[in-house]
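Data file: target10.csv. Format and content: CSV, C-alpha atoms and all ligand atoms.
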```
chain,number,residue,atom,x,y,z
A,1,MET,CA,-65.0,208.2,97.0
A,2,SER,CA,-64.3,205.6,94.3
A,3,THR,CA,-64.6,201.9,94.7
A,4,GLU,CA,-62.9,201.2,91.3
A,5,THR,CA,-60.4,198.5,91.7
A,6,ALA,CA,-56.7,199.0,91.1
A,7,ASP,CA,-57.3,197.1,87.8
A,8,GLY,CA,-59.8,199.7,86.7
A,9,ASN,CA,-62.8,197.4,87.3
A,10,ALA,CA,-65.8,198.4,89.4
A,11,GLY,CA,-65.6,197.0,92.9
A,12,PRO,CA,-63.3,196.9,95.9
A,13,ALA,CA,-59.5,196.5,95.7
A,14,THR,CA,-57.5,194.2,97.8
A,15,VAL,CA,-54.8,196.2,99.6
A,16,GLY,CA,-51.9,195.1,101.7
A,17,PHE,CA,-51.0,197.9,104.2
A,18,VAL,CA,-47.7,197.8,106.1
A,19,GLY,CA,-47.0,200.5,108.7
A,20,LEU,CA,-50.1,201.3,110.7
A,21,GLY,CA,-48.7,204.1,112.9
A,22,ASN,CA,-50.0,207.6,113.4
A,23,MET,CA,-50.5,208.1,109.7
A,24,GLY,CA,-50.9,204.6,108.3
A,25,GLY,CA,-53.5,203.6,110.8
A,26,PRO,CA,-56.1,206.2,109.9
A,27,MET,CA,-55.2,205.9,106.2
A,28,ALA,CA,-55.9,202.2,106.2
A,29,ALA,CA,-59.2,202.8,108.1
A,30,ASN,CA,-60.3,205.2,105.4
A,31,LEU,CA,-59.6,202.6,102.7
A,32,VAL,CA,-61.8,200.2,104.7
A,33,GLY,CA,-64.5,202.9,104.9
A,34,ALA,CA,-64.4,203.3,101.1
A,35,GLY,CA,-65.2,199.6,100.7
A,36,HIS,CA,-61.7,198.2,100.0
A,37,ARG,CA,-60.5,195.0,101.6
A,38,VAL,CA,-57.4,195.9,103.6
A,39,THR,CA,-55.0,193.4,105.2
A,40,GLY,CA,-52.5,195.1,107.4
A,41,PHE,CA,-49.3,194.6,109.5
A,42,ASP,CA,-47.3,196.6,112.0
A,43,LEU,CA,-44.5,195.6,114.2
A,44,VAL,CA,-46.2,197.3,117.2
A,45,PRO,CA,-49.1,195.1,118.4
A,46,GLU,CA,-51.1,198.1,119.7
A,47,ALA,CA,-51.0,199.7,116.2
A,48,LEU,CA,-52.2,196.5,114.6
A,49,ALA,CA,-55.0,196.1,117.2
A,50,ALA,CA,-56.1,199.7,116.6
A,51,ALA,CA,-56.3,199.1,112.9
A,52,ALA,CA,-58.1,195.8,113.4
A,53,GLY,CA,-60.7,197.8,115.4
A,54,ALA,CA,-61.2,200.0,112.3
A,55,GLY,CA,-61.9,197.0,110.1
A,56,VAL,CA,-58.4,196.2,108.8
A,57,GLU,CA,-57.7,192.4,108.7
A,58,PRO,CA,-54.6,191.9,110.8
A,59,ALA,CA,-51.8,189.7,109.3
A,60,GLY,CA,-49.1,187.8,111.2
A,61,SER,CA,-46.3,189.4,109.2
A,62,ALA,CA,-45.7,192.0,106.4
A,63,VAL,CA,-45.2,189.2,103.9
A,64,ALA,CA,-48.5,187.7,104.9
A,65,ALA,CA,-50.2,191.1,104.5
A,66,VAL,CA,-49.3,191.4,100.8
A,67,ALA,CA,-49.8,187.8,99.5
A,68,ASP,CA,-53.2,188.4,98.0
A,69,ALA,CA,-52.9,192.1,97.3
A,70,ASP,CA,-53.6,194.1,94.1
A,71,VAL,CA,-51.9,197.1,95.7
A,72,VAL,CA,-49.3,197.3,98.6
A,73,ILE,CA,-49.2,200.5,100.5
A,74,THR,CA,-46.3,201.3,102.9
A,75,MET,CA,-46.2,204.1,105.5
A,76,LEU,CA,-42.9,203.7,107.3
A,77,PRO,CA,-40.5,206.0,109.2
A,78,ALA,CA,-37.6,206.2,106.7
A,79,GLY,CA,-36.1,204.9,103.5
A,80,ARG,CA,-34.1,202.2,105.1
A,81,HIS,CA,-37.3,200.6,106.4
A,82,VAL,CA,-38.9,200.6,103.0
A,83,LEU,CA,-35.8,199.2,101.2
A,84,ALA,CA,-35.3,196.5,103.9
A,85,LEU,CA,-38.9,195.4,103.7
A,86,TYR,CA,-39.0,195.4,99.9
A,87,GLU,CA,-35.9,193.2,99.4
A,88,ASP,CA,-34.3,191.8,102.6
A,89,GLN,CA,-37.6,191.0,104.3
A,90,GLY,CA,-39.1,189.6,101.1
A,91,LEU,CA,-42.1,191.8,100.4
A,92,LEU,CA,-41.5,192.1,96.7
A,93,ALA,CA,-40.9,188.4,96.4
A,94,ALA,CA,-44.1,187.6,98.3
A,95,ALA,CA,-46.4,189.6,96.2
A,96,ARG,CA,-48.2,188.4,93.0
A,97,PRO,CA,-46.5,189.5,89.8
A,98,GLY,CA,-47.7,192.9,88.6
A,99,THR,CA,-48.7,194.2,92.1
A,100,LEU,CA,-48.6,198.0,92.5
A,101,PHE,CA,-46.3,199.1,95.3
A,102,VAL,CA,-47.2,202.6,96.6
A,103,ASP,CA,-44.8,204.0,99.2
A,104,CYS,CA,-46.4,206.9,101.1
A,105,SER,CA,-43.6,207.4,103.6
A,106,THR,CA,-41.4,210.5,103.4
A,107,ILE,CA,-38.0,209.2,102.3
A,108,ASP,CA,-34.8,210.3,100.5
A,109,VAL,CA,-35.3,210.8,96.7
A,110,ALA,CA,-32.4,208.4,96.1
A,111,ASP,CA,-34.1,205.7,98.3
A,112,ALA,CA,-37.4,206.2,96.5
A,113,ARG,CA,-35.7,205.7,93.1
A,114,ALA,CA,-34.0,202.6,94.5
A,115,ALA,CA,-37.4,201.3,95.7
A,116,HIS,CA,-38.8,201.8,92.2
A,117,GLU,CA,-35.9,199.9,90.6
A,118,ALA,CA,-36.2,197.0,93.1
A,119,ALA,CA,-40.0,196.8,92.4
A,120,ALA,CA,-39.4,196.8,88.6
A,121,ARG,CA,-36.7,194.1,88.9
A,122,ALA,CA,-39.2,191.9,90.8
A,123,GLY,CA,-41.9,192.4,88.1
A,124,HIS,CA,-44.0,194.9,89.9
A,125,GLN,CA,-45.2,198.5,89.4
A,126,ALA,CA,-44.2,201.3,91.8
A,127,LEU,CA,-45.3,204.8,92.8
A,128,ASP,CA,-43.8,207.1,95.4
A,129,ALA,CA,-46.7,209.0,97.0
A,130,PRO,CA,-45.7,211.0,100.1
A,131,VAL,CA,-48.3,213.1,101.8
A,132,SER,CA,-48.9,216.4,103.4
A,133,GLY,CA,-51.7,217.1,105.8
A,134,GLY,CA,-50.5,215.4,109.0
A,135,VAL,CA,-52.4,213.1,111.3
A,136,VAL,CA,-55.5,215.3,111.2
A,137,GLY,CA,-55.5,215.0,107.4
A,138,ALA,CA,-55.0,211.3,107.6
A,139,GLU,CA,-57.9,210.9,109.9
A,140,ALA,CA,-60.2,213.2,107.9
A,141,GLY,CA,-59.2,211.7,104.6
A,142,THR,CA,-58.0,215.1,103.4
A,143,LEU,CA,-54.4,214.4,102.7
A,144,THR,CA,-52.6,215.8,99.6
A,145,PHE,CA,-50.5,213.1,97.7
A,146,MET,CA,-47.5,214.0,95.6
A,147,ALA,CA,-46.8,211.1,93.3
A,148,GLY,CA,-43.8,210.0,91.3
A,149,GLY,CA,-43.9,207.2,88.7
A,150,GLY,CA,-45.5,206.3,85.4
A,151,ALA,CA,-48.9,207.7,84.3
A,152,ALA,CA,-50.4,204.1,84.3
A,153,GLU,CA,-49.2,203.5,87.8
A,154,PHE,CA,-50.7,206.9,88.9
A,155,ALA,CA,-54.0,206.1,87.3
A,156,ARG,CA,-54.1,202.7,88.9
A,157,ALA,CA,-53.5,204.2,92.4
A,158,GLU,CA,-55.8,207.1,92.0
A,159,PRO,CA,-59.0,205.5,93.3
A,160,LEU,CA,-57.2,204.5,96.5
A,161,LEU,CA,-55.5,207.9,96.9
A,162,ALA,CA,-59.0,209.5,96.5
A,163,ALA,CA,-60.2,207.4,99.5
A,164,MET,CA,-57.4,208.7,101.7
A,165,GLY,CA,-57.0,212.3,100.5
A,166,LYS,CA,-58.6,215.3,98.8
A,167,LYS,CA,-56.0,215.8,96.2
A,168,ALA,CA,-53.3,213.8,94.3
A,169,VAL,CA,-50.8,215.5,92.0
A,170,HIS,CA,-48.8,213.5,89.5
A,171,CYS,CA,-45.4,215.2,89.8
A,172,GLY,CA,-43.4,213.2,87.3
A,173,GLY,CA,-41.3,210.0,87.1
A,174,ALA,CA,-39.7,207.9,89.9
A,175,GLY,CA,-38.9,210.0,93.0
A,176,ALA,CA,-40.7,213.1,91.8
A,177,GLY,CA,-43.3,212.9,94.6
A,178,GLN,CA,-40.5,212.8,97.2
A,179,ALA,CA,-38.8,215.7,95.4
A,180,ALA,CA,-41.9,217.8,95.5
A,181,LYS,CA,-42.4,217.0,99.2
A,182,ILE,CA,-38.9,218.0,100.3
A,183,CYS,CA,-38.9,221.2,98.0
A,184,ASN,CA,-42.2,222.3,99.5
A,185,ASN,CA,-41.1,221.6,103.1
A,186,MET,CA,-37.8,223.4,102.4
A,187,ILE,CA,-39.9,226.5,101.5
A,188,LEU,CA,-41.9,226.0,104.7
A,189,GLY,CA,-38.9,225.6,107.0
A,190,ILE,CA,-37.1,228.6,105.6
A,191,SER,CA,-40.3,230.8,105.7
A,192,MET,CA,-41.1,229.8,109.3
A,193,ILE,CA,-37.6,230.9,110.3
A,194,GLY,CA,-38.1,234.1,108.3
A,195,VAL,CA,-41.5,234.9,109.9
A,196,SER,CA,-40.2,234.1,113.4
A,197,GLU,CA,-37.1,236.3,113.0
A,198,ALA,CA,-39.3,239.1,111.8
A,199,PHE,CA,-41.5,238.8,114.9
A,200,VAL,CA,-38.5,238.8,117.2
A,201,LEU,CA,-37.0,241.8,115.3
A,202,GLY,CA,-40.4,243.6,115.7
A,203,GLU,CA,-40.4,242.9,119.4
A,204,SER,CA,-36.9,244.4,119.7
A,205,LEU,CA,-38.2,247.5,117.9
A,206,GLY,CA,-41.3,247.8,120.1
A,207,LEU,CA,-43.8,246.6,117.4
A,208,THR,CA,-46.8,244.6,118.6
A,209,HIS,CA,-47.4,241.2,117.1
A,210,GLN,CA,-50.8,242.3,115.9
A,211,ALA,CA,-49.5,245.3,114.1
A,212,LEU,CA,-46.8,243.3,112.2
A,213,TYR,CA,-49.4,240.6,111.5
A,214,ASP,CA,-51.9,243.1,110.1
A,215,VAL,CA,-49.4,244.6,107.8
A,216,ALA,CA,-47.5,241.5,106.6
A,217,SER,CA,-50.5,239.2,106.2
A,218,THR,CA,-51.9,241.6,103.6
A,219,ALA,CA,-48.6,242.7,102.1
A,220,SER,CA,-45.7,240.9,100.4
A,221,GLY,CA,-44.6,239.1,103.6
A,222,GLN,CA,-47.8,236.9,103.4
A,223,CYS,CA,-47.2,233.2,103.5
A,224,TRP,CA,-48.6,230.0,105.1
A,225,ALA,CA,-46.1,230.2,108.0
A,226,LEU,CA,-47.5,233.6,108.9
A,227,SER,CA,-51.2,233.5,108.1
A,228,VAL,CA,-52.1,229.9,109.0
A,229,ASN,CA,-49.4,228.7,111.4
A,230,CYS,CA,-48.5,232.1,112.9
A,231,PRO,CA,-45.6,231.5,115.4
A,232,VAL,CA,-46.8,234.0,118.0
A,233,PRO,CA,-50.0,233.7,120.0
A,234,GLY,CA,-52.9,236.1,119.2
A,235,PRO,CA,-53.3,237.0,115.5
A,236,VAL,CA,-54.3,233.5,114.3
A,237,PRO,CA,-56.4,231.9,117.0
A,238,GLY,CA,-56.1,228.3,115.6
A,239,SER,CA,-52.3,228.3,115.3
A,240,PRO,CA,-50.2,226.1,117.7
A,241,ALA,CA,-48.7,229.1,119.4
A,242,ASN,CA,-52.1,229.6,121.1
A,243,ARG,CA,-51.8,226.2,122.8
A,244,ASP,CA,-48.2,226.5,124.0
A,245,TYR,CA,-46.9,225.1,120.7
A,246,ARG,CA,-48.5,221.6,121.0
A,247,PRO,CA,-48.2,220.2,117.4
A,248,GLY,CA,-49.5,220.6,114.7
A,249,PHE,CA,-46.5,219.7,112.7
A,250,ALA,CA,-43.9,218.5,115.1
A,251,ALA,CA,-40.4,220.0,115.0
A,252,PRO,CA,-38.7,216.5,114.7
A,253,LEU,CA,-40.7,215.9,111.5
A,254,MET,CA,-39.7,219.2,110.0
A,255,ALA,CA,-36.1,218.5,111.0
A,256,LYS,CA,-36.4,215.1,109.2
A,257,ASP,CA,-37.8,216.6,106.0
A,258,LEU,CA,-35.2,219.4,106.0
A,259,GLY,CA,-32.5,216.7,106.5
A,260,LEU,CA,-33.8,214.9,103.4
A,261,ALA,CA,-33.8,218.2,101.5
A,262,ALA,CA,-30.2,218.9,102.7
A,263,ASN,CA,-29.1,215.5,101.4
A,264,ALA,CA,-30.5,216.2,98.0
A,265,VAL,CA,-29.1,219.8,98.0
A,266,ARG,CA,-25.6,218.4,98.7
A,267,SER,CA,-25.7,215.6,96.3
A,268,GLY,CA,-27.1,217.9,93.5
A,269,GLY,CA,-24.5,220.6,94.2
A,270,VAL,CA,-27.3,223.1,94.6
A,271,GLN,CA,-26.3,226.4,96.3
A,272,ALA,CA,-29.3,226.4,98.7
A,273,GLU,CA,-27.6,228.2,101.6
A,274,LEU,CA,-30.9,229.0,103.4
A,275,GLY,CA,-32.2,225.4,103.0
A,276,LEU,CA,-29.0,224.0,104.6
A,277,ARG,CA,-29.0,226.6,107.4
A,278,ALA,CA,-32.7,225.9,108.1
A,279,ALA,CA,-31.9,222.1,108.3
A,280,GLU,CA,-29.2,222.9,110.9
A,281,LEU,CA,-31.4,225.2,113.0
A,282,PHE,CA,-34.4,222.8,113.0
A,283,ALA,CA,-32.1,219.8,113.8
A,284,ALA,CA,-30.8,221.6,116.9
A,285,PHE,CA,-34.3,222.8,117.9
A,286,ALA,CA,-35.8,219.3,117.5
A,287,GLU,CA,-33.0,217.7,119.5
A,288,GLY,CA,-33.4,220.2,122.3
A,289,GLU,CA,-36.3,222.2,123.6
A,290,GLY,CA,-38.5,221.6,120.5
A,291,ALA,CA,-38.5,217.8,120.8
A,292,ALA,CA,-42.2,217.7,121.5
A,293,GLU,CA,-43.2,221.1,120.1
A,294,ASP,CA,-44.8,222.4,116.9
A,295,PHE,CA,-42.1,223.6,114.5
A,296,SER,CA,-43.3,227.2,114.9
A,297,GLY,CA,-41.9,227.0,118.5
A,298,ILE,CA,-38.6,227.8,116.9
A,299,VAL,CA,-39.6,231.5,117.5
A,300,ARG,CA,-38.9,230.9,121.2
A,301,ALA,CA,-35.4,229.6,120.5
A,302,ILE,CA,-34.7,232.6,118.3
A,303,ARG,CA,-36.0,235.0,121.0
A,304,GLN,CA,-34.0,233.3,123.6
A,305,ARG,CA,-30.8,233.5,121.6
A,306,SER,CA,-31.6,237.2,120.8
A,307,GLY,CA,-32.1,238.1,124.5
A,308,THR,CA,-35.0,240.3,123.5
A,309,GLY,CA,-37.9,240.9,125.9
A,310,GLY,CA,-40.6,239.1,123.9
A,311,PRO,CA,-44.1,240.5,123.2
A,312,THR,CA,-45.4,243.5,125.1
A,313,ALA,CA,-46.8,242.8,128.6
A,314,GLN,CA,-50.2,243.8,127.4
A,315,GLU,CA,-50.2,241.2,124.6
A,316,THR,CA,-48.9,238.5,126.9
A,317,GLU,CA,-51.8,239.2,129.2
A,318,GLN,CA,-54.4,239.3,126.4
A,319,ASN,CA,-53.3,236.0,125.0
A,320,GLY,CA,-52.8,234.2,128.3
A,321,THR,CA,-49.8,232.4,127.0
A,322,THR,CA,-46.2,232.3,128.0
A,323,THR,CA,-43.7,233.0,125.3
A,324,ALA,CA,-40.4,233.1,127.0
A,401,LIG,P1,-45.1,206.3,113.0
A,401,LIG,O1,-43.8,206.0,113.7
A,401,LIG,O2,-46.3,206.7,113.9
A,401,LIG,O3,-45.6,205.0,112.1
A,401,LIG,C1,-44.7,204.2,111.4
A,401,LIG,C2,-45.0,202.8,111.7
A,401,LIG,O4,-44.2,201.9,110.9
A,401,LIG,C3,-44.8,202.4,113.2
A,401,LIG,O5,-46.1,202.0,113.8
A,401,LIG,C4,-43.8,201.2,113.1
A,401,LIG,O6,-44.1,200.2,114.1
A,401,LIG,C5,-44.1,200.7,111.7
A,401,LIG,N1,-43.0,199.9,111.1
A,401,LIG,C6,-41.7,200.2,111.1
A,401,LIG,N2,-41.0,199.2,110.5
A,401,LIG,C7,-41.9,198.3,110.2
A,401,LIG,C8,-41.8,197.0,109.6
A,401,LIG,N3,-40.6,196.5,109.2
A,401,LIG,N4,-42.9,196.3,109.4
A,401,LIG,C9,-44.1,196.8,109.8
A,401,LIG,N5,-44.3,198.0,110.4
A,401,LIG,C10,-43.2,198.7,110.6
A,401,LIG,O7,-44.9,207.4,111.9
A,401,LIG,P2,-46.0,208.3,111.2
A,401,LIG,O8,-46.2,209.6,111.9
A,401,LIG,O9,-47.2,207.5,110.8
A,401,LIG,O10,-45.2,208.7,109.8
A,401,LIG,C11,-45.0,207.7,108.8
A,401,LIG,C12,-44.4,208.4,107.6
A,401,LIG,O11,-45.2,209.5,107.2
A,401,LIG,C13,-43.0,209.0,107.9
A,401,LIG,O12,-42.2,208.8,106.8
A,401,LIG,C14,-43.3,210.5,108.1
A,401,LIG,O13,-42.2,211.3,107.8
A,401,LIG,C15,-44.4,210.7,107.1
A,401,LIG,N6,-45.3,211.8,107.5
A,401,LIG,C16,-45.8,212.0,108.7
A,401,LIG,C17,-46.6,213.1,109.0
A,401,LIG,C18,-47.1,213.3,110.4
A,401,LIG,O14,-47.7,214.3,110.7
A,401,LIG,N7,-47.0,212.3,111.3
A,401,LIG,C19,-47.0,213.9,108.0
A,401,LIG,C20,-46.5,213.7,106.7
A,401,LIG,C21,-45.7,212.6,106.5
```
Before anything else, please render the file you have as C-alpha cells.
Amino acid sequence: MSTETADGNAGPATVGFVGLGNMGGPMAANLVGAGHRVTGFDLVPEALAAAAGAGVEPAGSAVAAVADADVVITMLPAGRHVLALYEDQGLLAAARPGTLFVDCSTIDVADARAAHEAAARAGHQALDAPVSGGVVGAEAGTLTFMAGGGAAEFARAEPLLAAMGKKAVHCGGAGAGQAAKICNNMILGISMIGVSEAFVLGESLGLTHQALYDVASTASGQCWALSVNCPVPGPVPGSPANRDYRPGFAAPLMAKDLGLAANAVRSGGVQAELGLRAAELFAAFAEGEGAAEDFSGIVRAIRQRSGTGGPTAQETEQNGTTTA
C-alpha cells in the first residue's frame, strides 16, 4: 500500500471518483482505506450513500467531485457514459489543468482513444485502466489493472492502482489497456464454450465429468475455464456450477466484453471467426436463460440444444445439483 501522491510526493492524493456501483464503490473505499482523500459521485443515491459510509466524501454532481482532484477515476457502464461525462457534462473543463484522468470502465478501444484525445485537448493526462477480478477483487483490493497511456501517466497512477489491486500491467499507448482486456476475455469466452462443448460431448459418449476433468486438467486441454471455473458441478468445488451457476462472472458482462471484441475484430478486418461466434452465442445466452447466471452456465444451453442426457445419474446425485 502506497500513500505516495499522484505528483510523486509522500502523502495522500486527492481523488475524484465518478461511478460508485458494484465495482467503483469498493474501489473508492479501498482508496480511502489507503489514506487518500476521495470525493465521489454517482447518479444513484443509494450507491453514493454506501460509498459515503465507507469514508468517501459525497459530492452533489460529477463536476463537483473533480474540482479539487489530482486524479479523476471513472468506473462507468460503457464508453458513451465516459465520453458524455468528459465533454458534454463538463468533467474535463471542471478539473484543474494537468489532472490525470484514469478510466477503469470496460469500453470500446475506439472510445478509449477518443477519451485520451479529449483529455489531451483539455490540457490533462489520461490513462485507460480496465480491470479483471470482478466484485470480489474490487472488495478485496486484488484487481488486476491493464493500463494504456504514457509511461509518465502510468507511473503517476501506480500508487492509486496499488491501493485497489494486486497487479498493474502497462500494456502500451492509448487504448492498449482496453485492447488487452478484450483480447483476454475473447480467449476466455471461446475457451469456456470449448470446455462446455467437450463436457457435453463426453456426456453423449458416456464419459463422466470427473474422468474428463482428471485427464484434461493435467493434459493439453488445461485452461482457466476448466480448472478454476469448471462449467459442470463436482470436479472444482468452488466453481459457480456448484451453486446453480450464481455468478461469478455474470453472462451479460461476458456478452458485453465479447461485443466489444467483436467490434474491434470487424473494424480491424481480423479473421477471428471463433471470437465472433462466441460473441453471438453469449449474446443469445445473456438475453435469455443466462441473464442472471455465471457465464459458465452456457454449458446448459449447449446441452439443451444437443438434446443429450446430461451427466450420469450417479454424478447428479453426488453433486446434489440440477444440470438440465
Ligand atoms: P454498475 O452498473 O454497478 O456501476 C456503474 C455505476 O455508474 C452505476 O452506479 C451508475 O449509476 C453510475 N453512473 C452511470 N452514469 C453516471 C454518471 N453520468 N454520473 C455518475 N455516475 C454514473 O457497474 P459495475 O459492475 O460497477 O461495472 C462498471 C464497469 O466495470 C463496467 O464497464 C464493467 O464492464 C466493468 N467491469 C465490471 C466487472 C464486474 O464483475 N462487475 C468486472 C470487470 C469490469
Pick the closest to Leu20 of chain A from A:Met254, A:Ala62, A:Leu83, A:Ala279: which is it, counting only C-alpha atoms?
->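 Answer, going by the shortest atom-to-atom distance: A:Ala62.
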Minimum-distance residue to ligand LIG 401 (chain A), chosen among A:Thr14, A:Ser61, A:Asn30, A:Ser220 (using all atoms listed in the file) =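 Nearest candidate to ligand LIG 401 (chain A) out of A:Thr14, A:Ser61, A:Asn30, A:Ser220: A:Ser61.
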Provide the atom CA of Ser196 of chain A to atom CA of Gly134 of chain A distance in Å, to one decimal place.
-> 21.8 Å
Name the residues, by chain letter and number, that sit within 8 Å of ligand LIG 401 (chain A) using all atoms listed in the file, and give them as a PyMOL selection string.
-> chain A and resi 18-25+41-44+47+61-62+75-79+81-82+84-85+89+104-107+130-136+248-250+253+256-257
One decimal, Å: what's the distance from atom CA of Ala67 of chain A over to atom CA of Pro97 of chain A, could you say?
-> 10.4 Å
Restricting the calculation to all atoms listed in the file, which member of A:Tyr86, A:Leu100, A:Ala155, A:Gly173 is positioned closest to Arg113 of chain A?
->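 Using all atoms listed in the file, Arg113 of chain A sits closest to A:Gly173.
Counting only C-alpha atoms, the residue from A:Asn184, A:Ser204, A:Thr74, A:Asn263 that sits nearest to Arg303 of chain A is A:Ser204.
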Give as a list in words the set of residues within 8 Å of the point (-51.2, 193.2, 91.8), where distances use the file's coordinates and all atoms listed in the file.
->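 I get Ala69, Asp70, Val71, Ala95, Arg96, Pro97, Gly98, Thr99, Leu100 and His124 of chain A for the residues within 8 Å of that point.
Checking A:Val32, A:Ala110, A:Ala52, A:Val195 one by one against Ala174 of chain A, counting all atoms listed in the file, you find the shortest gap at A:Ala110.
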For Thr142 of chain A, which of A:Ala255, A:Ala163, A:Cys223, A:Ala262 is the closest residue, counting only C-alpha atoms?
->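 Among the listed residues, the smallest separation from Thr142 of chain A belongs to A:Ala163.
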For atom CA of Asn242 of chain A and atom CA of Gly307 of chain A, determine how far apart the two atoms are, in Å to one decimal place.
->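 These two atoms are separated by 22.0 Å.
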